[in-house]
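Chemist: Below is a structure I'd like to ask you about.
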Amino acid sequence: MKKLAIVGGVIVVLFIAIIALTKMANNDKVSNYNPYTDKKVEELQQPTIDLLTDENYQKVMLPKDLEEKIKSGDAVNAYFFSPTCSHCRALTPKLMPILDDMGIEVAQINLLEYDEWDQYNITATPTFIHFEGGAEVERFEGNLPEEDLKAFLKPYAK
């Protein structure tokens, strides 16, 4: 019985250590870059925290800021993604360098953290929407081939 209690105690201590180390790692990631200024670290989903250091997810914008920018009438490109979406994880590393090469700015909106599906009539991720004059002009959904991405984005290049 004593051996069982010792083994159980060791397992509990290991779980506590794992939880503490995970919290420390998450706090370290968030201290370097946290565009989710309206949320505490504890409120962020783990897949979101895992992307904080990914170079392809460094253009995150809060939904309220996107809405203000759209209402201003400026041309706006919004990329709606989810960190848990396999299509997003495949498209984003292709899309971000193309946008940079073409001089196109983009606001990334994390749908895992912010429920903006209905507001922008999003039915799938990833979704890229171009707005002008406060209204949607064009969109694409899904993981497009590189040539199709370039053709879609060409009118918006600087």
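Chain lettering (A, B, ...) mirrors the order of the structure tokens, residue numbering begins at 1 for each chain separately, and ligand numbering begins at 1 in order of display.
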Just list as a VMD selection string whatever in chain A DSSP marks as alpha helix (DSSP H).
Modeler: chain A and resid 2 to 32 46 to 51 63 to 71 86 to 102 146 to 153
Chemist: Would you give me, as a list in words, the residues in chain A that DSSP reads as strand (DSSP E or B)?
Modeler: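 Matching residues, listed in order: Val60, Val76, Asn77, Ala78, Tyr79, Phe80, Phe81, Ala107, Gln108, Ile109, Asn110, Thr127, Phe128, Ile129, His130, Phe131, Glu132, Ala135, Glu136, Val137, Glu138, Arg139, Phe140 and Glu141 of chain A.
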Chemist: Once you have the residues from the selection above, write them out as a CSV table (one decimal), in the first residue's frame, restricted to N, CA, C and O atoms.
Modeler:
```csv
chain,number,residue,atom,x,y,z
A,60,VAL,N,-1.4,39.8,-36.8
A,60,VAL,CA,-2.7,39.6,-36.2
A,60,VAL,C,-3.3,41.0,-35.8
A,60,VAL,O,-2.6,41.8,-35.3
A,76,VAL,N,-8.8,47.3,-47.3
A,76,VAL,CA,-8.3,46.4,-46.2
A,76,VAL,C,-8.4,45.0,-46.8
A,76,VAL,O,-9.3,44.6,-47.4
A,77,ASN,N,-7.3,44.3,-46.4
A,77,ASN,CA,-7.2,42.8,-46.7
A,77,ASN,C,-7.3,42.1,-45.4
A,77,ASN,O,-6.5,42.4,-44.5
A,78,ALA,N,-8.2,41.2,-45.2
A,78,ALA,CA,-8.3,40.5,-44.0
A,78,ALA,C,-8.2,39.0,-44.3
A,78,ALA,O,-8.8,38.4,-45.2
A,79,TYR,N,-7.4,38.3,-43.5
A,79,TYR,CA,-7.2,36.9,-43.6
A,79,TYR,C,-7.7,36.2,-42.3
A,79,TYR,O,-7.1,36.4,-41.3
A,80,PHE,N,-8.8,35.5,-42.5
A,80,PHE,CA,-9.4,34.8,-41.3
A,80,PHE,C,-8.9,33.4,-41.3
A,80,PHE,O,-9.0,32.6,-42.3
A,81,PHE,N,-8.4,33.0,-40.1
A,81,PHE,CA,-7.8,31.7,-40.0
A,81,PHE,C,-8.1,31.1,-38.6
A,81,PHE,O,-8.5,31.8,-37.7
A,107,ALA,N,-4.5,42.0,-42.5
A,107,ALA,CA,-4.8,41.8,-41.1
A,107,ALA,C,-5.2,40.4,-40.9
A,107,ALA,O,-6.2,39.9,-41.6
A,108,GLN,N,-4.6,39.7,-40.0
A,108,GLN,CA,-4.9,38.3,-39.7
A,108,GLN,C,-5.9,38.3,-38.5
A,108,GLN,O,-5.6,38.9,-37.5
A,109,ILE,N,-7.0,37.6,-38.7
A,109,ILE,CA,-8.0,37.5,-37.6
A,109,ILE,C,-8.1,36.0,-37.2
A,109,ILE,O,-8.4,35.2,-38.1
A,110,ASN,N,-7.9,35.8,-36.0
A,110,ASN,CA,-7.9,34.4,-35.4
A,110,ASN,C,-9.3,34.0,-35.0
A,110,ASN,O,-9.8,34.5,-34.0
A,127,THR,N,-10.1,32.0,-45.0
A,127,THR,CA,-10.8,33.0,-45.9
A,127,THR,C,-10.1,34.3,-46.0
A,127,THR,O,-9.7,34.8,-44.9
A,128,PHE,N,-9.9,34.8,-47.2
A,128,PHE,CA,-9.3,36.1,-47.4
A,128,PHE,C,-10.3,37.0,-48.0
A,128,PHE,O,-10.9,36.6,-49.0
A,129,ILE,N,-10.5,38.2,-47.4
A,129,ILE,CA,-11.5,39.1,-48.0
A,129,ILE,C,-10.8,40.4,-48.2
A,129,ILE,O,-10.1,40.9,-47.4
A,130,HIS,N,-11.1,41.0,-49.4
A,130,HIS,CA,-10.7,42.4,-49.7
A,130,HIS,C,-11.8,43.3,-49.6
A,130,HIS,O,-12.9,43.1,-50.1
A,131,PHE,N,-11.7,44.4,-48.8
A,131,PHE,CA,-12.7,45.4,-48.6
A,131,PHE,C,-12.2,46.7,-49.2
A,131,PHE,O,-11.1,47.1,-49.1
A,132,GLU,N,-13.2,47.5,-49.7
A,132,GLU,CA,-12.9,48.8,-50.2
A,132,GLU,C,-14.2,49.6,-49.9
A,132,GLU,O,-15.3,49.1,-50.1
A,135,ALA,N,-17.0,48.1,-47.8
A,135,ALA,CA,-17.7,46.9,-48.2
A,135,ALA,C,-16.8,45.8,-48.8
A,135,ALA,O,-15.7,46.1,-49.3
A,136,GLU,N,-17.3,44.6,-48.7
A,136,GLU,CA,-16.5,43.5,-49.3
A,136,GLU,C,-16.5,43.6,-50.8
A,136,GLU,O,-17.5,43.8,-51.4
A,137,VAL,N,-15.3,43.4,-51.4
A,137,VAL,CA,-15.2,43.5,-52.9
A,137,VAL,C,-15.0,42.1,-53.4
A,137,VAL,O,-15.7,41.7,-54.4
A,138,GLU,N,-14.2,41.3,-52.8
A,138,GLU,CA,-13.9,39.9,-53.3
A,138,GLU,C,-13.3,39.1,-52.1
A,138,GLU,O,-12.8,39.6,-51.2
A,139,ARG,N,-13.5,37.7,-52.3
A,139,ARG,CA,-12.9,36.8,-51.3
A,139,ARG,C,-12.5,35.5,-52.0
A,139,ARG,O,-13.0,35.2,-53.1
A,140,PHE,N,-11.7,34.8,-51.3
A,140,PHE,CA,-11.4,33.4,-51.6
A,140,PHE,C,-11.4,32.6,-50.3
A,140,PHE,O,-11.1,33.1,-49.3
A,141,GLU,N,-11.8,31.3,-50.5
A,141,GLU,CA,-11.8,30.4,-49.3
A,141,GLU,C,-10.9,29.2,-49.7
A,141,GLU,O,-10.9,28.7,-50.8
```
Chemist: Please indicate the distance in Å from CA of Leu111 (chain A) to CA of Thr84 (chain A), rounded to one decimal place.
Modeler: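 If I compute the distance from CA of Leu111 (chain A) to CA of Thr84 (chain A), I get 9.7 Å.
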Chemist: Quote the spacing between CA of Leu44 (chain A) and CA of Leu112 (chain A) in Å to one decimal place.
Modeler: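 CA of Leu44 (chain A) sits 9.2 Å away from CA of Leu112 (chain A).
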Chemist: Just the number, please: distance in Å from CA of Gly133 (chain A) to CA of Glu68 (chain A), one decimal.
Modeler: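 A separation of 12.1 Å between them.
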Chemist: Taking 2 positions as the minimum chain separation for residues in the same chain, which residues sit within 12 Å of Asp54 (chain A) when counting only C-alpha atoms? Answer as a list in words.
Modeler: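 The residues satisfying every condition are Lys29, Asn32, Tyr33, Asn34, Pro47, Thr48, Ile49, Asp50, Leu51, Leu52, Asn56, Tyr57, Gln58, Lys59, Val60, Pro83, Arg89, Thr92, Pro93 and Met96 of chain A.
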